[in-house]
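**Student:** Please see the structure below; I have some questions.
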Amino acid sequence: MTPRFPLAETPDAAALAKGRSLFLGPCEFVKGVVAMEGLPPADRLEFCMAGRSNVGKSSLINALTGRKALARTSNTPGRTQEINFFALADTHYMVDLPGYGFAKAPVAVVAKWQALLKNYLAGRQTLRRVFLLIDSRHGAKEVDEEIMSVLDRAAVPFHTVMTKIDKPRPAELEASLERTRQIIAKHPTAYPEIILTSSDKGDGVETLRAIIAGLN
């Protein structure tokens with residue numbers, strides 16, 4: 001029986017080539033935003049990467065773009081407190097959202113940038129899809145559900161991306177997948193498939209590139 005949220009299949013050659021062209025071409029940091037009035041003009045398609053702190057978001061962005069330090073990685077979760085915009089060619093914004101959940105920062109600071117994150121998700125008309133990163137060692141957690149609910153209310157579709165799939169054993173990964181499927185099934189804006197990725201091994205990177213390049 002096919003699960004309700006099957007794993008993403010490998011795209012065809014044309015789609016893979018389109019994905020490589022988008023991500024391995026010009027890619028520049030535009031700005032970091034700390035308030036809604038600082039957002040760049042909504043003049044192109046946007047997609048964003050969201051996830052709990054320490055989910056491996058920066059590493060995945062670096063893998064997608066073939067660059068080692070485009071997005072800052074850190075052993076201290078929650079350091080990034082801005083919405084970071086990157087221009088892919090002149091057609092897309094890749095948006096790196098601040099990690100949510102645990103953060104070594106004052107409570108008032110955390111509250112401010114979590115509010116910014118929610119306001120952005122609810123109010124950006126050019127945002128086509130959120131790629132919601134879930135650590136495959138743990139599966140979706142309560143804090144992930146909170147963001148899913150924000151996306152439901154904003155009618156913004158989210159695509160589940162499992163990270164670090166090289167870390168858990170096969171049985172652990174399958175259990176994590178099942179827990180995650182049960183949670184995302186509650187949310188009407190969940191895209192009906194799951195992408196498996198490993199930044200270290202390169203698993204799923206080309207598939208994710210192609211899926212993003214196919215957004216319209």
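By order of appearance in the structure tokens: chains A, B, ..., then residues from 1 within every chain, and ligands from 1 in the order shown.
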Write out as a list in words all residues of stretch 108-141 of chain A that backbone DSSP assigns to strand (DSSP E or B).
**Tutor:**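 Output for stretch 108-141 of chain A, strand (DSSP E or B) only: Leu127, Arg128, Arg129, Val130, Phe131, Leu132, Leu133, Ile134 and Asp135 of chain A.
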**Student:** Let's see if you can do this: from backbone DSSP, list all alpha helix (DSSP H) residues in stretch 6-211 of chain A, as a PyMOL selection string.
**Tutor:** chain A and resi 13-23+57-65+107-123+142-154+170-184+205-211
**Student:** Quick one: of A:Lys112, A:Lys31, A:Lys186, A:Arg137, who's nearest to A:Val95, counting only C-alpha atoms?
**Tutor:**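 Looking only at the distances to A:Val95, the closest residue turns out to be A:Lys31.
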**Student:** Give me, as a list of chain:residue names, all polymer residues having an atom no more than 9 Å from A:Leu132, counting only C-alpha atoms and skipping those fewer than 2 positions away in the same chain.
**Tutor:**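 So the residues in contact are A:Cys48, A:Met49, A:Ala50, A:Gly51, A:Val130, A:Ile134, A:Asp144, A:Ile147, A:Met148, A:Phe158, A:His159, A:Thr160, A:Val161, A:Met162.
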**Student:** With C-alpha atoms retained, write the just-selected residues as a compact mmCIF listing (two decimals), in the first residue's frame.
**Tutor:**
# COMPACT_ATOMS: atom_id res chain seq x y z
CA CYS A 48 12.06 29.44 1.93
CA MET A 49 13.87 26.96 4.10
CA ALA A 50 12.53 26.58 7.63
CA GLY A 51 13.32 24.28 10.49
CA VAL A 130 8.08 26.48 2.43
CA ILE A 134 12.72 17.79 9.95
CA ASP A 144 7.28 21.88 14.13
CA ILE A 147 4.88 26.32 12.35
CA MET A 148 2.68 23.95 10.34
CA PHE A 158 4.91 23.31 2.95
CA HIS A 159 7.02 20.45 1.63
CA THR A 160 8.56 18.17 4.25
CA VAL A 161 12.30 17.57 3.92
CA MET A 162 13.93 15.01 6.20
**Student:** Fewer than 2 positions away in the same chain doesn't count, so skip those; otherwise give me all residues within 6 Å of A:Leu127, counting only C-alpha atoms, as a PDB file with all heavy atoms, in the first residue's frame.
**Tutor:**
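Result file selection_11.pdb:
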ATOM      1  N   GLU A  46       9.567  33.336  -4.639  1.00  0.00           N
ATOM      2  CA  GLU A  46      10.324  33.041  -3.419  1.00  0.00           C
ATOM      3  C   GLU A  46       9.984  31.652  -2.903  1.00  0.00           C
ATOM      4  O   GLU A  46       8.852  31.192  -3.003  1.00  0.00           O
ATOM      5  CB  GLU A  46       9.992  34.045  -2.309  1.00  0.00           C
ATOM      6  CG  GLU A  46      10.508  35.438  -2.538  1.00  0.00           C
ATOM      7  CD  GLU A  46      10.121  36.392  -1.418  1.00  0.00           C
ATOM      8  OE1 GLU A  46       9.849  35.921  -0.289  1.00  0.00           O
ATOM      9  OE2 GLU A  46      10.081  37.598  -1.677  1.00  0.00           O
ATOM     10  N   PHE A  47      10.979  31.014  -2.364  1.00  0.00           N
ATOM     11  CA  PHE A  47      10.771  29.806  -1.572  1.00  0.00           C
ATOM     12  C   PHE A  47      11.624  29.955  -0.333  1.00  0.00           C
ATOM     13  O   PHE A  47      12.601  30.712  -0.316  1.00  0.00           O
ATOM     14  CB  PHE A  47      11.156  28.538  -2.353  1.00  0.00           C
ATOM     15  CG  PHE A  47      12.619  28.445  -2.685  1.00  0.00           C
ATOM     16  CD1 PHE A  47      13.497  27.774  -1.852  1.00  0.00           C
ATOM     17  CD2 PHE A  47      13.125  29.042  -3.842  1.00  0.00           C
ATOM     18  CE1 PHE A  47      14.853  27.699  -2.146  1.00  0.00           C
ATOM     19  CE2 PHE A  47      14.475  28.963  -4.148  1.00  0.00           C
ATOM     20  CZ  PHE A  47      15.339  28.294  -3.313  1.00  0.00           C
ATOM     21  N   ARG A 124       3.630  37.234   2.844  1.00  0.00           N
ATOM     22  CA  ARG A 124       4.469  37.419   1.656  1.00  0.00           C
ATOM     23  C   ARG A 124       3.785  36.786   0.446  1.00  0.00           C
ATOM     24  O   ARG A 124       3.758  35.565   0.293  1.00  0.00           O
ATOM     25  CB  ARG A 124       5.831  36.785   1.900  1.00  0.00           C
ATOM     26  CG  ARG A 124       6.891  37.142   0.871  1.00  0.00           C
ATOM     27  CD  ARG A 124       7.308  38.586   0.938  1.00  0.00           C
ATOM     28  NE  ARG A 124       8.523  38.808   0.131  1.00  0.00           N
ATOM     29  CZ  ARG A 124       9.059  39.978  -0.107  1.00  0.00           C
ATOM     30  NH1 ARG A 124       8.495  41.070   0.403  1.00  0.00           N
ATOM     31  NH2 ARG A 124      10.156  40.096  -0.836  1.00  0.00           N
ATOM     32  N   GLN A 125       3.268  37.600  -0.445  1.00  0.00           N
ATOM     33  CA  GLN A 125       2.459  37.097  -1.555  1.00  0.00           C
ATOM     34  C   GLN A 125       3.267  36.313  -2.584  1.00  0.00           C
ATOM     35  O   GLN A 125       2.716  35.466  -3.283  1.00  0.00           O
ATOM     36  CB  GLN A 125       1.750  38.270  -2.243  1.00  0.00           C
ATOM     37  CG  GLN A 125       0.692  38.936  -1.382  1.00  0.00           C
ATOM     38  CD  GLN A 125      -0.038  40.044  -2.117  1.00  0.00           C
ATOM     39  OE1 GLN A 125       0.410  40.531  -3.139  1.00  0.00           O
ATOM     40  NE2 GLN A 125      -1.181  40.445  -1.576  1.00  0.00           N
ATOM     41  N   ARG A 129       6.391  28.319  -1.691  1.00  0.00           N
ATOM     42  CA  ARG A 129       6.410  27.094  -0.892  1.00  0.00           C
ATOM     43  C   ARG A 129       7.450  27.220   0.207  1.00  0.00           C
ATOM     44  O   ARG A 129       8.495  27.843   0.028  1.00  0.00           O
ATOM     45  CB  ARG A 129       6.723  25.869  -1.759  1.00  0.00           C
ATOM     46  CG  ARG A 129       6.470  24.530  -1.044  1.00  0.00           C
ATOM     47  CD  ARG A 129       6.605  23.364  -2.002  1.00  0.00           C
ATOM     48  NE  ARG A 129       5.653  23.471  -3.117  1.00  0.00           N
ATOM     49  CZ  ARG A 129       5.637  22.622  -4.141  1.00  0.00           C
ATOM     50  NH1 ARG A 129       6.507  21.627  -4.207  1.00  0.00           N
ATOM     51  NH2 ARG A 129       4.748  22.780  -5.103  1.00  0.00           N
TER      52      ARG A 129
END
